[in-house]
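Source file: protein36.csv; contents: CSV, C-alpha atoms.
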chain,number,residue,atom,x,y,z
A,1,MET,CA,4.4,26.6,-3.7
A,2,THR,CA,4.1,23.0,-2.7
A,3,ILE,CA,3.7,22.1,1.0
A,4,ARG,CA,3.9,18.6,2.4
A,5,VAL,CA,1.1,17.8,4.9
A,6,PRO,CA,2.0,15.0,7.2
A,7,ILE,CA,-0.9,12.6,7.8
A,8,VAL,CA,0.1,9.1,8.9
A,9,GLU,CA,-3.4,7.7,8.9
A,10,ASN,CA,-4.4,4.1,8.3
A,11,ILE,CA,-6.2,3.8,5.0
A,12,LEU,CA,-9.1,1.8,6.4
A,13,ASN,CA,-9.5,4.1,9.4
A,14,ALA,CA,-13.0,5.1,8.4
A,15,ASN,CA,-14.1,1.5,8.3
A,16,ASP,CA,-12.5,0.7,11.6
A,17,ARG,CA,-14.3,3.6,13.3
A,18,LEU,CA,-17.6,2.4,12.0
A,19,ALA,CA,-16.8,-1.1,13.1
A,20,GLU,CA,-16.3,0.3,16.6
A,21,GLU,CA,-19.8,1.8,16.4
A,22,ASN,CA,-21.2,-1.5,15.4
A,23,ARG,CA,-19.5,-3.2,18.3
A,24,ALA,CA,-20.9,-0.7,20.8
A,25,ARG,CA,-24.4,-1.3,19.4
A,26,ILE,CA,-24.0,-5.1,19.6
A,27,GLU,CA,-22.6,-4.9,23.1
A,28,SER,CA,-25.2,-2.6,24.5
A,29,ALA,CA,-27.8,-5.2,23.5
A,30,GLY,CA,-25.8,-7.9,25.3
A,31,VAL,CA,-25.3,-10.0,22.2
A,32,PHE,CA,-22.3,-12.1,21.3
A,33,SER,CA,-21.3,-11.8,17.7
A,34,ILE,CA,-19.1,-13.7,15.3
A,35,ASN,CA,-17.9,-13.1,11.8
A,36,ILE,CA,-17.4,-16.3,9.8
A,37,MET,CA,-15.0,-16.1,6.9
A,38,ALA,CA,-13.8,-18.7,4.4
A,39,SER,CA,-13.2,-19.5,0.8
A,40,PRO,CA,-16.3,-20.4,-1.3
A,41,GLY,CA,-17.3,-24.0,-0.6
A,42,ALA,CA,-15.4,-24.3,2.7
A,43,GLY,CA,-18.7,-24.9,4.5
A,44,LYS,CA,-19.8,-21.5,6.0
A,45,THR,CA,-23.5,-22.0,5.4
A,46,SER,CA,-23.3,-25.8,6.2
A,47,LEU,CA,-21.6,-25.0,9.6
A,48,ILE,CA,-24.3,-22.5,10.4
A,49,GLU,CA,-27.0,-25.0,9.4
A,50,GLN,CA,-25.5,-27.6,11.7
A,51,THR,CA,-24.9,-25.1,14.5
A,52,LEU,CA,-28.4,-23.7,14.7
A,53,PRO,CA,-30.4,-26.8,15.6
A,54,ARG,CA,-27.9,-27.5,18.4
A,55,LEU,CA,-28.7,-24.1,19.9
A,56,LYS,CA,-32.4,-24.5,19.6
A,57,ASP,CA,-34.3,-23.6,22.8
A,58,LYS,CA,-31.0,-22.3,24.3
A,59,LEU,CA,-30.1,-19.2,22.3
A,60,ARG,CA,-32.0,-16.8,20.0
A,61,VAL,CA,-29.9,-16.4,16.9
A,62,ALA,CA,-29.8,-13.8,14.2
A,63,VAL,CA,-27.8,-14.5,11.0
A,64,VAL,CA,-26.6,-11.8,8.6
A,65,ASP,CA,-25.5,-13.3,5.3
A,66,GLY,CA,-23.2,-11.5,2.9
A,67,ASP,CA,-23.2,-12.6,-0.7
A,68,ILE,CA,-22.6,-10.9,-4.1
A,69,ALA,CA,-26.2,-11.8,-5.1
A,70,THR,CA,-29.0,-14.2,-4.3
A,71,SER,CA,-30.6,-15.0,-0.9
A,72,ILE,CA,-29.9,-18.8,-0.9
A,73,ASP,CA,-27.7,-18.6,2.2
A,74,ALA,CA,-30.1,-16.5,4.3
A,75,ASP,CA,-32.9,-18.9,3.3
A,76,ARG,CA,-30.9,-21.9,4.5
A,77,ALA,CA,-30.2,-20.2,7.8
A,78,ALA,CA,-33.9,-19.4,8.3
A,79,ASN,CA,-34.8,-23.0,7.5
A,80,ALA,CA,-32.3,-24.2,10.0
A,81,GLY,CA,-33.9,-22.3,12.8
A,82,ALA,CA,-32.5,-18.7,12.8
A,83,GLN,CA,-35.0,-16.4,14.4
A,84,ALA,CA,-33.9,-13.8,11.9
A,85,ALA,CA,-31.9,-14.1,8.7
A,86,ILE,CA,-30.9,-11.0,6.8
A,87,GLN,CA,-29.3,-11.1,3.4
A,88,VAL,CA,-26.9,-8.4,2.4
A,89,ASN,CA,-26.1,-8.4,-1.3
A,90,THR,CA,-22.8,-6.6,-1.8
A,91,GLY,CA,-23.6,-6.1,-5.5
A,92,GLY,CA,-20.2,-7.3,-6.6
A,93,ASP,CA,-18.1,-6.3,-3.7
A,94,CYS,CA,-15.8,-9.2,-2.5
A,95,HIS,CA,-16.3,-8.6,1.2
A,96,LEU,CA,-18.7,-7.2,3.8
A,97,ASP,CA,-17.6,-4.0,5.4
A,98,ALA,CA,-18.7,-2.1,8.5
A,99,VAL,CA,-21.2,0.1,6.6
A,100,MET,CA,-23.0,-3.0,5.2
A,101,LEU,CA,-23.2,-4.6,8.7
A,102,ARG,CA,-24.5,-1.4,10.1
A,103,GLY,CA,-27.3,-1.5,7.5
A,104,ALA,CA,-28.2,-5.0,8.5
A,105,LEU,CA,-28.1,-4.2,12.2
A,106,GLU,CA,-30.6,-1.4,11.6
A,107,GLN,CA,-33.1,-4.1,10.4
A,108,LEU,CA,-32.8,-6.1,13.6
A,109,ASP,CA,-34.0,-5.5,17.1
A,110,LEU,CA,-30.8,-6.7,18.7
A,111,ASN,CA,-32.4,-6.9,22.2
A,112,GLN,CA,-34.4,-9.9,20.9
A,113,PHE,CA,-31.2,-12.0,20.4
A,114,ASP,CA,-28.4,-13.7,22.2
A,115,LEU,CA,-26.1,-14.5,19.3
A,116,LEU,CA,-25.4,-12.7,16.0
A,117,ILE,CA,-23.7,-14.8,13.3
A,118,VAL,CA,-22.3,-12.9,10.3
A,119,GLU,CA,-21.5,-15.0,7.3
A,120,ASN,CA,-19.0,-13.1,5.1
A,121,VAL,CA,-18.6,-13.3,1.3
A,122,GLY,CA,-16.6,-16.4,0.3
A,123,ASN,CA,-13.1,-15.1,-0.2
A,124,LEU,CA,-9.7,-15.6,1.5
A,125,VAL,CA,-8.3,-12.2,0.8
A,126,CYS,CA,-10.5,-9.1,1.2
A,127,PRO,CA,-12.7,-9.9,4.2
A,128,SER,CA,-9.6,-10.0,6.5
A,129,SER,CA,-8.9,-6.2,5.8
A,130,PHE,CA,-12.4,-5.0,6.7
A,131,LYS,CA,-13.3,-5.1,10.4
A,132,LEU,CA,-17.0,-5.4,11.0
A,133,GLY,CA,-17.2,-4.9,14.8
A,134,THR,CA,-18.0,-8.5,15.8
A,135,HIS,CA,-16.5,-9.9,18.9
A,136,LYS,CA,-14.7,-12.8,17.3
A,137,SER,CA,-13.5,-13.5,13.7
A,138,ILE,CA,-13.7,-17.1,12.7
A,139,LEU,CA,-12.0,-18.7,9.7
A,140,ILE,CA,-13.2,-22.0,8.3
A,141,ALA,CA,-10.5,-24.0,6.5
A,142,SER,CA,-11.6,-27.1,4.8
A,143,ILE,CA,-9.5,-30.2,4.1
A,144,PRO,CA,-10.1,-30.3,0.3
A,145,GLU,CA,-8.7,-26.8,-0.1
A,146,GLY,CA,-5.2,-28.1,0.6
A,147,ASP,CA,-2.7,-27.7,3.3
A,148,ASP,CA,-0.8,-24.8,1.8
A,149,LYS,CA,-3.5,-22.2,2.3
A,150,PRO,CA,-2.0,-20.5,5.4
A,151,TYR,CA,1.2,-19.9,3.4
A,152,LYS,CA,-0.8,-18.5,0.4
A,153,TYR,CA,-3.3,-16.4,2.4
A,154,PRO,CA,-1.4,-15.2,5.5
A,155,GLY,CA,-3.5,-12.1,6.0
A,156,MET,CA,-6.6,-14.2,6.6
A,157,TYR,CA,-5.0,-16.7,8.9
A,158,ARG,CA,-3.3,-13.9,11.0
A,159,GLY,CA,-6.4,-11.9,11.9
A,160,VAL,CA,-8.7,-14.6,13.2
A,161,ASP,CA,-9.6,-15.6,16.8
A,162,ALA,CA,-10.6,-19.1,16.1
A,163,LEU,CA,-10.0,-21.6,13.2
A,164,VAL,CA,-12.5,-24.3,12.2
A,165,ILE,CA,-11.0,-27.1,10.2
A,166,ASN,CA,-14.0,-28.5,8.4
A,167,LYS,CA,-14.6,-31.7,6.4
A,168,ILE,CA,-12.2,-33.8,8.5
A,169,ASP,CA,-14.2,-36.8,7.3
A,170,LEU,CA,-12.4,-36.4,4.0
A,171,LEU,CA,-8.9,-36.7,5.5
A,172,PRO,CA,-8.5,-40.4,4.4
A,173,TYR,CA,-9.3,-39.4,0.8
A,174,VAL,CA,-7.3,-36.3,0.0
A,175,PRO,CA,-3.6,-35.5,0.4
A,176,PHE,CA,-3.4,-33.1,3.3
A,177,LYS,CA,-0.4,-32.9,5.6
A,178,MET,CA,-1.9,-31.7,8.9
A,179,ASP,CA,1.6,-31.0,10.4
A,180,TYR,CA,2.5,-28.7,7.5
A,181,PHE,CA,-0.8,-26.9,7.6
A,182,LYS,CA,-0.7,-26.5,11.4
A,183,HIS,CA,2.9,-25.1,11.3
A,184,GLY,CA,1.8,-22.4,8.9
A,185,VAL,CA,-1.1,-21.5,11.2
A,186,GLU,CA,1.1,-21.5,14.2
A,187,VAL,CA,3.6,-19.0,12.7
A,188,LEU,CA,0.8,-16.7,11.6
A,189,ASN,CA,-1.4,-17.0,14.6
A,190,PRO,CA,0.3,-18.6,17.6
A,191,GLY,CA,-1.9,-20.6,19.9
A,192,VAL,CA,-5.1,-19.8,17.9
A,193,LEU,CA,-8.1,-21.8,19.1
A,194,THR,CA,-8.8,-24.7,16.6
A,195,PHE,CA,-12.0,-26.7,16.1
A,196,PRO,CA,-11.4,-29.7,13.8
A,197,LEU,CA,-14.9,-30.9,12.8
A,198,SER,CA,-17.2,-32.2,10.1
A,199,ALA,CA,-20.4,-30.3,9.5
A,200,LYS,CA,-21.5,-33.4,7.5
A,201,THR,CA,-21.0,-36.2,10.1
A,202,GLY,CA,-21.3,-34.0,13.2
A,203,GLU,CA,-17.9,-35.1,14.5
A,204,GLY,CA,-16.3,-32.3,16.6
A,205,MET,CA,-19.5,-30.1,16.5
A,206,ASP,CA,-20.0,-30.3,20.3
A,207,ALA,CA,-16.8,-28.5,21.1
A,208,TRP,CA,-17.6,-25.7,18.7
A,209,VAL,CA,-21.2,-25.3,20.0
A,210,GLU,CA,-20.0,-25.3,23.6
A,211,TRP,CA,-17.5,-22.6,22.8
A,212,ILE,CA,-20.3,-20.4,21.4
A,213,ILE,CA,-22.5,-21.0,24.4
A,214,LYS,CA,-19.6,-20.2,26.8
A,215,ASN,CA,-19.0,-16.9,25.0
A,216,VAL,CA,-22.7,-16.0,25.1
A,217,ASP,CA,-22.8,-16.7,28.8
A,218,GLY,CA,-19.7,-14.6,29.3
A,219,ILE,CA,-21.4,-11.6,27.6
A,220,ARG,CA,-24.6,-12.1,29.6
A,221,SER,CA,-22.8,-12.1,32.9
A,222,GLU,CA,-21.0,-8.8,32.2
B,223,MET,CA,-9.3,-7.3,-5.0
B,224,HIS,CA,-10.9,-4.6,-2.9
B,225,GLU,CA,-9.0,-1.7,-4.4
B,226,LEU,CA,-12.2,0.4,-5.1
B,227,ALA,CA,-13.0,0.7,-1.4
B,228,VAL,CA,-9.4,1.3,-0.6
B,229,THR,CA,-9.0,4.0,-3.2
B,230,GLN,CA,-12.1,5.8,-1.9
B,231,SER,CA,-10.7,5.7,1.6
B,232,ILE,CA,-7.4,7.2,0.4
B,233,LEU,CA,-9.2,9.9,-1.4
B,234,ASP,CA,-11.4,10.7,1.6
B,235,ILE,CA,-8.4,11.0,3.9
B,236,ALA,CA,-6.5,13.2,1.4
B,237,LEU,CA,-9.4,15.6,0.8
B,238,ARG,CA,-10.1,16.0,4.5
B,239,HIS,CA,-6.5,16.9,5.3
B,240,ALA,CA,-6.2,19.1,2.2
B,241,GLN,CA,-9.3,21.1,3.4
B,242,GLU,CA,-7.9,21.5,6.9
B,243,ALA,CA,-4.7,22.8,5.3
B,244,ASP,CA,-6.7,25.3,3.1
B,245,ALA,CA,-5.1,23.7,0.0
B,246,LYS,CA,-6.2,24.6,-3.5
B,247,ARG,CA,-4.8,21.5,-5.1
B,248,ILE,CA,-3.4,18.1,-4.1
B,249,THR,CA,-0.3,17.3,-6.2
B,250,SER,CA,0.8,14.0,-4.7
B,251,ILE,CA,-0.3,11.3,-2.2
B,252,ASN,CA,2.4,9.5,-0.4
B,253,LEU,CA,1.4,6.0,0.6
B,254,VAL,CA,3.2,3.4,2.7
B,255,VAL,CA,2.1,-0.2,1.8
B,256,GLY,CA,3.6,-3.4,3.1
B,257,GLU,CA,4.0,-6.5,1.1
B,258,PHE,CA,1.4,-8.4,3.1
B,259,ALA,CA,-1.3,-5.7,2.6
B,260,SER,CA,-2.4,-7.4,-0.7
B,261,ILE,CA,-2.9,-4.2,-2.7
B,262,VAL,CA,-2.3,-3.8,-6.4
B,263,ASP,CA,-0.8,-0.4,-7.2
B,264,ASP,CA,-2.0,-0.2,-10.8
B,265,SER,CA,-5.5,-1.0,-9.8
B,266,VAL,CA,-5.5,1.8,-7.1
B,267,GLN,CA,-4.2,4.2,-9.8
B,268,PHE,CA,-7.0,3.1,-12.2
B,269,TYR,CA,-9.7,3.8,-9.6
B,270,TRP,CA,-8.0,7.0,-8.5
B,271,ASP,CA,-8.2,8.5,-12.0
B,272,LEU,CA,-12.0,7.9,-11.9
B,273,LEU,CA,-12.8,8.8,-8.3
B,274,ALA,CA,-10.6,12.0,-8.1
B,275,GLU,CA,-11.9,13.4,-11.4
B,276,ASP,CA,-14.1,16.1,-10.0
B,277,THR,CA,-12.0,16.9,-6.9
B,278,ILE,CA,-9.0,19.1,-6.0
B,279,ALA,CA,-7.0,15.8,-6.1
B,280,LYS,CA,-7.5,15.4,-9.9
B,281,GLY,CA,-4.2,14.5,-11.5
B,282,ALA,CA,-2.4,14.0,-8.2
B,283,GLN,CA,0.4,11.5,-8.3
B,284,LEU,CA,0.1,8.4,-6.2
B,285,ARG,CA,3.5,7.5,-4.8
B,286,PHE,CA,3.8,4.0,-3.3
B,287,GLU,CA,6.5,3.3,-0.8
B,288,ARG,CA,6.6,-0.5,-0.7
B,289,ILE,CA,7.8,-2.1,2.5
B,290,VAL,CA,9.3,-5.6,1.9
B,291,GLY,CA,7.9,-8.2,4.2
B,292,GLU,CA,10.1,-9.5,6.9
B,293,MET,CA,10.0,-12.4,9.4
B,294,THR,CA,12.2,-12.7,12.5
B,295,CYS,CA,13.3,-16.0,14.0
B,296,THR,CA,12.5,-16.2,17.7
B,297,HIS,CA,15.4,-18.7,18.2
B,298,CYS,CA,18.4,-17.0,16.6
B,299,GLN,CA,16.9,-13.4,16.0
B,300,ASN,CA,17.8,-13.7,12.3
B,301,SER,CA,15.5,-11.5,10.1
B,302,PHE,CA,14.7,-12.7,6.6
B,303,HIS,CA,12.3,-12.5,3.7
B,304,PRO,CA,10.0,-15.5,3.8
B,305,GLN,CA,10.3,-18.0,1.0
B,306,GLU,CA,7.2,-19.1,-0.9
B,307,LEU,CA,5.2,-21.8,1.0
B,308,ASP,CA,7.8,-22.1,3.7
B,309,PHE,CA,8.2,-19.9,6.8
B,310,ALA,CA,11.2,-21.7,8.4
B,311,CYS,CA,14.3,-19.6,9.4
B,312,PRO,CA,16.9,-20.0,6.6
B,313,ASN,CA,19.7,-19.5,9.2
B,314,CYS,CA,18.9,-22.1,11.9
B,315,GLY,CA,15.9,-23.9,10.4
B,316,SER,CA,13.7,-23.0,13.3
B,317,GLN,CA,10.0,-23.1,12.8
B,318,PHE,CA,9.4,-20.4,15.4
B,319,VAL,CA,9.2,-17.1,13.5
B,320,GLN,CA,7.2,-13.9,13.7
B,321,ILE,CA,6.2,-11.4,11.1
B,322,THR,CA,8.0,-8.1,11.9
B,323,LYS,CA,7.4,-6.0,8.7
B,324,GLY,CA,5.0,-5.8,5.8
B,325,ASP,CA,1.6,-4.9,7.4
B,326,GLU,CA,1.9,-1.2,6.7
B,327,PHE,CA,-1.1,0.3,5.0
B,328,ARG,CA,-1.3,4.1,5.5
B,329,VAL,CA,-1.4,7.5,4.0
B,330,ASP,CA,1.9,9.0,5.1
B,331,SER,CA,1.5,12.6,3.7
B,332,ILE,CA,0.1,14.6,0.9
B,333,ASP,CA,1.8,17.4,-1.1
B,334,VAL,CA,-0.5,20.4,-1.7
B,335,GLU,CA,-0.5,23.8,-3.3

Take the structure in this file and express it as C-alpha cells.
Amino acid sequence: MTIRVPIVENILNANDRLAEENRARIESAGVFSINIMASPGAGKTSLIEQTLPRLKDKLRVAVVDGDIATSIDADRAANAGAQAAIQVNTGGDCHLDAVMLRGALEQLDLNQFDLLIVENVGNLVCPSSFKLGTHKSILIASIPEGDDKPYKYPGMYRGVDALVINKIDLLPYVPFKMDYFKHGVEVLNPGVLTFPLSAKTGEGMDAWVEWIIKNVDGIRSE
Amino acid sequence: MHELAVTQSILDIALRHAQEADAKRITSINLVVGEFASIVDDSVQFYWDLLAEDTIAKGAQLRFERIVGEMTCTHCQNSFHPQELDFACPNCGSQFVQITKGDEFRVDSIDVE
C-alpha cells in the first residue's frame, strides 16, 4: 500500500542551517563578513586587491577564496595585505556552499580579525542559491558584461545586499545603457545599495571602503 | 548547474522522512519548482539514478510540479509572465513590478510503501 508523506521542506534547508551555524560562529568573534559574487572576469579579485591596502592599519582582514582549482586568487589577496588568505578549491563545483566555508573557518582564529571577505566562484547562477552565513552578499557587475545581465540572471540580482558596478572607466568605450541596466536592478532588488567604481583607476573606491568600515564599526559596537 | 548538490539534498530529505514513517520503499518524490529556481529536471533525474542506487529510494519517480513565474504590477495590479529582457507591465507599461511567483523550490511530499 502506498502512503503519501507530506513534507514541504525547502530543498536547500540543510545548507541554510549550516549557513546559520557559520553566521553564529562569525558573529561570536565580532567579525563583519561579506560574500562577493560575480561572473568570471568582473573584477572580484581586483576589487579585493584594491580594497585591502585602503584598510591597512585600520582592519585585520581574512580572505577566503573559492575557485575550482589553483590558488592564484588567494596569493593575490595575501600579496595585497590580507592577514590570512585561505584557498578553497571546490574541485569542479560551480559555487561555494556553507560546508566549504565552515571548513575554511576552521582554519582561522576568527578572534584575530575584524573583516572576513569571501570570494565566491565566478558564476552568475549557482552561488546565489547557496547561503554561506556571511552578513552581506555583494554582487559585482562590470560594464563590459553588458546592460542586460539583470534580466538574464534575476536570481543573482535579487538576493544581494549591495551591488558594485565595476569598470566604470570603460563606459565611454562600450555600449551600456545605464538606465536599462538600473531599471532591471530596481525591479529585482528595489533600493539596493549601489557602488559605481573602477578598481583600476580608484574612482568610487572611497565610498565602498567607507561602507565596509562603517559595517565593521557597527558589529564592534554591538 | 548545481544539480548534483541539489539532488543530494532532495535524497537526504526524502530518506529522513521515509525513515520517520517506517517506510520500506520510496516510490515517488513530489517536488515543487518555480521557474526562477534555475533547475534542470533531466539533470536532477540523471544524478538521482546514480545517488539513489543503494538506497530505499532506488527507482523512485521524480515528479516535478513546475510553477510558472509571475510578476505583478504595483501600479495597476495586473499579473503577468515576464517577457524576455523586459520587465515592464504589458497592461499599463509601468516599470514598477514585483516578482510574485516562481521562487518555489521544495520537496512537497513523498509516496512510500

Out of B:Trp270, B:Phe302, B:Phe286, B:Phe258, which residue has the shortest atom-to-atom distance to chain A when counting all atoms listed in the file?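 Closest to chain A, using all atoms listed in the file: B:Phe258.
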
Please, which residues of chain B lie no more than 10 Å from chain A when the count uses only C-alpha atoms, and can they be set out as a ChimeraX atom specification? /B:223-236,239-240,242-243,245,247-255,258-261,293,304-310,317-321,325-335

So that I have them on file, write out the residues from the current selection with C-alpha atoms, as a compact mmCIF listing (two decimals), keeping the file's coordinate frame.
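again_11.txt written:
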# COMPACT_ATOMS: atom_id res chain seq x y z
CA MET B 223 -9.30 -7.30 -5.00
CA HIS B 224 -10.90 -4.60 -2.90
CA GLU B 225 -9.00 -1.70 -4.40
CA LEU B 226 -12.20 0.40 -5.10
CA ALA B 227 -13.00 0.70 -1.40
CA VAL B 228 -9.40 1.30 -0.60
CA THR B 229 -9.00 4.00 -3.20
CA GLN B 230 -12.10 5.80 -1.90
CA SER B 231 -10.70 5.70 1.60
CA ILE B 232 -7.40 7.20 0.40
CA LEU B 233 -9.20 9.90 -1.40
CA ASP B 234 -11.40 10.70 1.60
CA ILE B 235 -8.40 11.00 3.90
CA ALA B 236 -6.50 13.20 1.40
CA HIS B 239 -6.50 16.90 5.30
CA ALA B 240 -6.20 19.10 2.20
CA GLU B 242 -7.90 21.50 6.90
CA ALA B 243 -4.70 22.80 5.30
CA ALA B 245 -5.10 23.70 0.00
CA ARG B 247 -4.80 21.50 -5.10
CA ILE B 248 -3.40 18.10 -4.10
CA THR B 249 -0.30 17.30 -6.20
CA SER B 250 0.80 14.00 -4.70
CA ILE B 251 -0.30 11.30 -2.20
CA ASN B 252 2.40 9.50 -0.40
CA LEU B 253 1.40 6.00 0.60
CA VAL B 254 3.20 3.40 2.70
CA VAL B 255 2.10 -0.20 1.80
CA PHE B 258 1.40 -8.40 3.10
CA ALA B 259 -1.30 -5.70 2.60
CA SER B 260 -2.40 -7.40 -0.70
CA ILE B 261 -2.90 -4.20 -2.70
CA MET B 293 10.00 -12.40 9.40
CA PRO B 304 10.00 -15.50 3.80
CA GLN B 305 10.30 -18.00 1.00
CA GLU B 306 7.20 -19.10 -0.90
CA LEU B 307 5.20 -21.80 1.00
CA ASP B 308 7.80 -22.10 3.70
CA PHE B 309 8.20 -19.90 6.80
CA ALA B 310 11.20 -21.70 8.40
CA GLN B 317 10.00 -23.10 12.80
CA PHE B 318 9.40 -20.40 15.40
CA VAL B 319 9.20 -17.10 13.50
CA GLN B 320 7.20 -13.90 13.70
CA ILE B 321 6.20 -11.40 11.10
CA ASP B 325 1.60 -4.90 7.40
CA GLU B 326 1.90 -1.20 6.70
CA PHE B 327 -1.10 0.30 5.00
CA ARG B 328 -1.30 4.10 5.50
CA VAL B 329 -1.40 7.50 4.00
CA ASP B 330 1.90 9.00 5.10
CA SER B 331 1.50 12.60 3.70
CA ILE B 332 0.10 14.60 0.90
CA ASP B 333 1.80 17.40 -1.10
CA VAL B 334 -0.50 20.40 -1.70
CA GLU B 335 -0.50 23.80 -3.30

Between atom CA of A:Asn89 and atom CA of A:Gly66, measure the distance and give it in Å to one decimal.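 For atom CA of A:Asn89 relative to atom CA of A:Gly66, the distance reads 6.0 Å.
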
Separation of atom CA of B:Glu257 from atom CA of A:Val192, in Å and rounded to one decimal: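 Computed distance, atom CA of B:Glu257 to atom CA of A:Val192, equals 23.3 Å.
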
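Here the question is which of B:Asn313, B:Thr277, B:Gln267, B:Gln283 gets nearest to B:Ser301 using only C-alpha atoms, and that residue is B:Asn313.
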
Atom CA of A:Glu49 to atom CA of A:Thr90: how many Å, to one decimal?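 Going from atom CA of A:Glu49 over to atom CA of A:Thr90, I get 21.9 Å.
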
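Summary of the local environment: counting only C-alpha atoms, residues at most 10 Å from B:Asp271, other than itself and those fewer than 2 positions away along its chain, are Thr229, Val266, Gln267, Phe268, Tyr269, Leu273, Ala274, Glu275, Asp276, Ala279, Lys280, Gly281, Ala282 and Gln283 of chain B.
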
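Within 10 Å of the point (-23.2, 4.8, 13.8) in file coordinates, and counting only C-alpha atoms, lie the residues A:Arg17, A:Leu18, A:Ala19, A:Glu20, A:Glu21, A:Asn22, A:Arg23, A:Ala24, A:Arg25, A:Ala98, A:Val99, A:Arg102, A:Gly103, A:Glu106.
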
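Checking A:Met205, A:Leu47, A:Leu59, A:Leu170 one by one against A:Asp217, counting all atoms listed in the file, you find the shortest gap at A:Leu59.
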
If we count only C-alpha atoms, what is near B:Ser316 at a cut-off of 9 Å, once residues fewer than 4 positions away on the same chain are taken out, given as number ranges by chain? B: 295-298, 310-312

Write out as a PyMOL selection string the residues lying within 12 Å of A:Glu27, counting only C-alpha atoms and excluding same-chain residues fewer than 4 positions away. chain A and resi 20-23+31-33+110-111+113-116+133-135+216+218-220+222

Would you mind listing what lies within 8 Å of A:Ile168 as an MDAnalysis selection string, with all atoms listed in the file counted and same-chain residues fewer than 5 positions away left out? chainID A and resid 142:143 196:198
